[in-house]
Every structure is written in structure tokens, then in C-alpha cells.
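**Q** One structure coming up, written as C-alpha cells, with questions to follow.
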Amino acid sequence: MSVNVAKQTVKIEDLSKGLDTYSLPGHVPKGYYVDAQNMLLTNKSPTTIGGLTKFTTTASPSGNIMWFEPYTNSSGTTTMVVAMDTGRIYRYTVGTDTWTELRRGLTTGFQVITHVPFRGQLFLSWAGLDESPYKFDDTDLLPVGAFGGSQIVANFETTETWAGGVADTTNFRTGVQGRSVVGIANMALDYSSNRDFLTALNGGTNLAAADVFRIKAIRTAGAGAGTVRFRFGNSADTVYFEASTTITAGSFTQVSLARSAFALTGVPVWSSIARFSILVDTVDTITFDDAHWEYNLRPPVGSLIDMYNQQLVVAGISTDRVLLRYSDPGTPDEFPAANTARFSGGRHSLERRDEITALKSYFDELVVGKVNSAWTFSGTGANTSVSALPLTIGIDGHRSVVETPWSLQFPFENNIFGARLTSRGLVSTNISSLLADLDGDSLDSGVALRHDRTRTIRWSLRTNTADPTTQNDLGIIYDYQADAWCSTYTPKVSYYTRAIVNGVREILCSQYDGHIRRVDVGTNFDGTAITSYIT
């Protein structure tokens with residue numbers, strides 16, 4: 001690929017006075033530098049922008065990448081958790097260039113994904129999620145509030161030895177297979193040691209009567225009533241808890257049964273379960289996958305998550321767009337009913353629906369952005385407070401908010417602002433023409449990343465002139481130390497993040513296809529060459 005370069009060479013001897021965007025070439029006073037193409041400011045000195053090269057050798061097995069984040073486990077092995085527009089989530093193993101499917105059957109199409117790391121786990125959520133936010137611990141990808149690891153009921157993979165039933169590699173939601181019961185029959189999983197389905201998860205309260213057993217199920221054949229019983233008990237099936245339901249749908253549905261729905265036979269105890277059984281009482285073929293217990297106090301389905309004061313915070317809740325819910329401190333799986341805050345009101349009329357649009361921990365408070373206002377949330381448990389910020393502006397997108405040493409930087413309307421908790425300022429005056437066509441219906445699709453080595457912030461935003469209209473087509477780079485807009489960026493970027501590559505911190509991005517790419521590395525461009533300028 002060709003690289004656009006400057007057609008004019010400017011000799012620079014002294015950069016102490018910064019940019020001069022008014023003088024003609026050849027008439028620039030000493031100490032200033034002028035507009036140049038394909039350049040980036042690094043420590044106030046312009047350098048040629050580096051390349052955009054593939055990080056993944058093999059493309060994803062399914063669809064286009066919407067979001068990805070690195071996950072390095074305790075042994076130092078790095079993988080990427082990758083979400084696709086086909087409703088699938090993968091683990092990409094860096095060292096072996098392999099893709100492993102973690103979950104499928106989620107909402108398809110481009111989704112806005114948010115995430116936060118906490119206590120060795122990666123939490124993630126998106127607008128099309130049909131369950132609570134997920135957590136990944138290098139082994140399982142489960143809804144937050146679910147008992148993972150040793151507490152999971154069954155994953156139906158080849159690592160489990162079942163009596164009865166058959167593997168189903170066509171119908172499944174996690175891993176590589178589900179498991180089917182054909183006709184009036186049953187299957188059972190004997191645990192290698194008794195399982196405790198009562199003790200608390202991550203410091204929360206013990207499971208109780210209102211907590212929920214969940215399993216995915218689909219009827220693939222038969223015309224019966226699809227009557228199914230789920231049983232937890234001893235290895236002899238003489239002492240057990242049991243509950244029943246019906247499975248009639250020809251697509252995966254989630255069965256949810258409260259612990260109180262399980263009737264006992266004999267004197268079983270939830271803290272000492274030896275066998276899990278599934279019994280089908282009708283002439284149907286039913287496939288099962290992803291069985292686990294969840295707190296009744298699990299978080300709601302929400303598209304925005306963040307961590308504040310050791311509390312997992314969830315907003316973007318479809319049933320109440322101005323509601324914020326938060327966990328107990330240090331216990332991200334448990335959301336007491338009283339842990340809520342609502343952000344109502346503002347200073348302007350609503351050209352968009354009234355909703356929370358962004359969350360950002362800043363100093364010792366949580367900044368909550370709305371359509372035309374901004375707020376702060378502080379405290380824990382019942383001792384919390386909500387205050388309106390005197391900014392008279394809103395925040396247009398959660399993923400396009402970046403913190404610098406001096407302020408939060410974020411887009412609002414057709415501008416980019418820098419704001420503290422008590423004041424705000426416009427920083428995009430020199431590029432107002434570039435921001436004139438921002439797409440007001442896709443404000444949450446924007447992404448941003450701060451890069452301290454070059455002291456820059458990158459934004460990738462969507463305009464009304466995008467082709468296709470589902471992609472971010474405006475890239476801009478801002479030097480927050482020099483207070484200068486140093487470049488536009490031609491490649492269409494759907495997501496930015498950081499990662500350590502061969503011991504060096506780098507920027508990675510996705511570009512609406514199946515590859516992850518390295519940013520500003522080398523001299524070659526994988527895709528569209530960069531056309532850019534300093535202003």
C-alpha cells in the first residue's frame with residue numbers, strides 16, 4: 001500500500017512556540033511550525049505517522065470484530081476476549097494464533113460493548129445482551145451473579161462424563177457442544193466430590209430460596225409437551241431436590257427456576273450434592289447447555305458498566321434509562337435492591353430520549369453523563385449522594401470519554417470538551433469543520449484512547465457521510481500536552497485498546513473485519529493509507 005507523504009519539506013530548528021496556522025509557508029516566525037501532512041506530534045516534535053499492521057494472523061472464524069480486550073492470567077498467558085457481530089464471543093490465544101468459541105446465540109449486529117476489569121476478572125456488557133453483564137475468569141464466561149468455577153452446575157462439554165444422553169455439536173450456547181436427551185429418558189452427571197450450591201460467592205450472602213437455577217434448552221424434535229425435571233441429590237437418587245418445567249420452543253430459551261421451586265425427597269442438603277440429573281418425560285429430543293446458579297440479587301441487564309469505589313455500577317437499563325444500580329463494595333455479583341440511584345432532570349429540552357449515556361470514575365466520584373446534563377454520584381451502600389455538575393452540557397458516549405492529567409475529554413454535540421468537576425472548556429475550535437457532520441443517531445458508537453507515550457488522545461467517530469453508514473469514518477488525534485490537533489486518521493476504527501506486545505506497550509484496534517491490528521507500528525499499512533495533517 002502507498003503512504004501519503006508531505007509534498008513540501010519544512011526545516012524546523014526551534015519548536016518552542018508551538019503551532020502557527022496563519023502564516024504562509026516561508027513566512028513562519030522562528031519557534032513555530034506549520035501545517036504538515038501525515039505527521040504526528042511526539043513530545044512536541046512532528047514525526048511521520050507509523051503503519052497499521054495485523055496483530056492476528058488468522059481472521060476470526062465468524063463475523064466482524066466489535067470489541068476485544070486482552071486478558072493475561074496469573075501464569076502470564078495472554079489471550080484476547082473478542083466479541084463479534086454474529087452474536088459470538090471468542091478467546092483468541094496470542095501465542096498459538098487460535099480462536100476458541102466461548103459463547104454464541106447472543107444478539108447479532110453491531111453492539112456497543114463496555115467493560116471493566118476487577119479482581120482478576122473481566123466484566124463486559126453490551127446493548128444487545130440478553131442476560132446480566134458477563135464475567136470472564138480465563139476459564140468460564142458466565143453472567144455476573146452466577147456461581148462459576150467449582151460452583152457451575154454443568155457445562156456439557158467433553159470434560160464431563162455423563163451417564164445417558166448424547167453430545168449435540170449443532171445446538172449449543174457455550175464451548176463446542178450441548179447435550180441431548182432423546183425420547184423418554186434421562187441423563188446424569190456424578191461429581192467427583194460433593195458440590196456446595198449454598199456457600200456465598202465473592203463475599204456475598206449464601207444462596208437462598210429466591211435465588212435461581214438457570215439452564216439453556218431447545219426442543220429439536222418431537223410433538224410432546226416437552227416435560228423436563230431437574231434433580232440435585234445423592235449418587236443413589238434416593239435423596240434429592242427436584243423441579244419441573246416444559247420446553248416447547250424450537251430455539252434456545254433460558255429456563256429459570258427459583259430454589260424455592262425445588263421440592264425435596266428425603267433429607268437432602270444444598271451444600272452436599274453428589275449428582276445432577278435431567279429427566280425428560282415426553283417423546284421429544286431436547287438439548288441442554290450452560291447450567292448454573294445465580295443470585296436473585298444479580299445485576300440487571302444494562303449496556304453501561306464501570307467500577308466505582310469497589311462497586312460494580314450498571315446503567316443503560318432498558319426498563320429505566322435514568323436508573324443506576326450498583327453492587328455492594330467488593331462484591332460485584334450481589335446487587336441489593338436498595339442500591340439504586342436515579343438521575344432525572346436537566347437543563348434543556350430533549351432531542352434524544354432521556355437516558356444515562358456515560359459512566360466514568362473520576363477522582364473520588366462517579367461522573368454520570370446524560371443527554372444534556374452531567375452529574376456526580378458518590379458514596380457506598382445507603383450512604384450515597386447525587387449532584388448536578390455546573391457544566392450545562394451532556395456527554396454523548398461512554399466509550400469516547402478519556403481522562404488526561406488535567407480533565408476529562410469527551411464529545412458533545414459537534415464539539416469536544418475538556419471538563420473538570422467544576423468547569424469545562426471547548427478544545428475543538430480549530431477542527432470545528434471536521435466535527436460538523438457527526439451522526440447524532442450513533443453517538444454511542446464512538447471510541448477513544450489516551451496514549452501517554454505520544455501524549456495524545458485518539459477518537460474514532462461516525463459522521464452522516466459515512467460509507468457504509470454503520471462504520472466510524474472520522475479519526476482525529478489530539479495532543480493534550482501541546483493542546484494541538486495533530487492529525488486526522490483515515491482508517492475506520494471500531495475499537496481501540498492497549499496491550500503489551502513483545503514487552504512493549506502498544507495500541508491495538510479493530511476495523512470492521514475479522515482481524516485485530518497494531519497501530520503506529522512499522523511503515524506499511526494494512527488497508528487504507530493515512531491522509532492526515534497537523535493543525
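In the C-alpha cells, each chain is lettered A, B, ... as it comes, each chain's residues begin at 1, and ligands are numbered from 1 in order of appearance.
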Skipping near chain neighbours, those fewer than 5 positions away, what residues fall within 6 Å of Ser132 of chain A using only C-alpha atoms, listed as a VMD selection string?

**A** chain A and resid 143 299 to 301

**Q** For the selection you just gave me, I'd like the residues written to a file as a compact mmCIF listing (two decimals), in the first residue's frame, keeping N, CA, C and O atoms.

**A**
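And here is the file that came out, selection-v5.txt:
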# COMPACT_ATOMS: atom_id res chain seq x y z
N PRO A 143 -22.75 -15.15 33.35
CA PRO A 143 -23.38 -13.91 33.80
C PRO A 143 -22.87 -13.53 35.19
O PRO A 143 -22.62 -14.39 36.02
N PRO A 299 -26.94 -8.48 38.99
CA PRO A 299 -27.16 -7.16 38.38
C PRO A 299 -28.20 -7.22 37.28
O PRO A 299 -28.48 -8.28 36.72
N PRO A 300 -28.77 -6.07 36.92
CA PRO A 300 -29.75 -6.03 35.84
C PRO A 300 -29.07 -6.12 34.49
O PRO A 300 -27.85 -5.99 34.36
N VAL A 301 -29.87 -6.34 33.45
CA VAL A 301 -29.36 -6.25 32.08
C VAL A 301 -29.15 -4.77 31.77
O VAL A 301 -30.08 -3.98 31.83

**Q** With distances taken over only C-alpha atoms, which residue among A:Ser303, A:Thr282, A:Thr78, A:Ser487 lies nearest Gly316 of chain A?

**A**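 Nearest to Gly316 of chain A: A:Ser303.
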
**Q** Ranking A:Thr285, A:Val181, A:Trp293, A:Gly250 by minimum distance to Leu207 of chain A and counting only C-alpha atoms, which one comes first?

**A**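 Smallest separation from Leu207 of chain A among the options: A:Trp293.
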
**Q** I'd like the interatomic distance between atom CA of Val368 of chain A and atom CA of Asp473 of chain A, to a tenth of an Å.

**A**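 One can read the atom CA of Val368 of chain A to atom CA of Asp473 of chain A distance as 26.9 Å.
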
**Q** Show which residues sit within 10 Å of Leu435 of chain A, as a ChimeraX atom specification. Count only C-alpha atoms, and ignore same-chain residues fewer than 6 positions away.

**A** /A:411,413-416,428-429,461-463,474,476
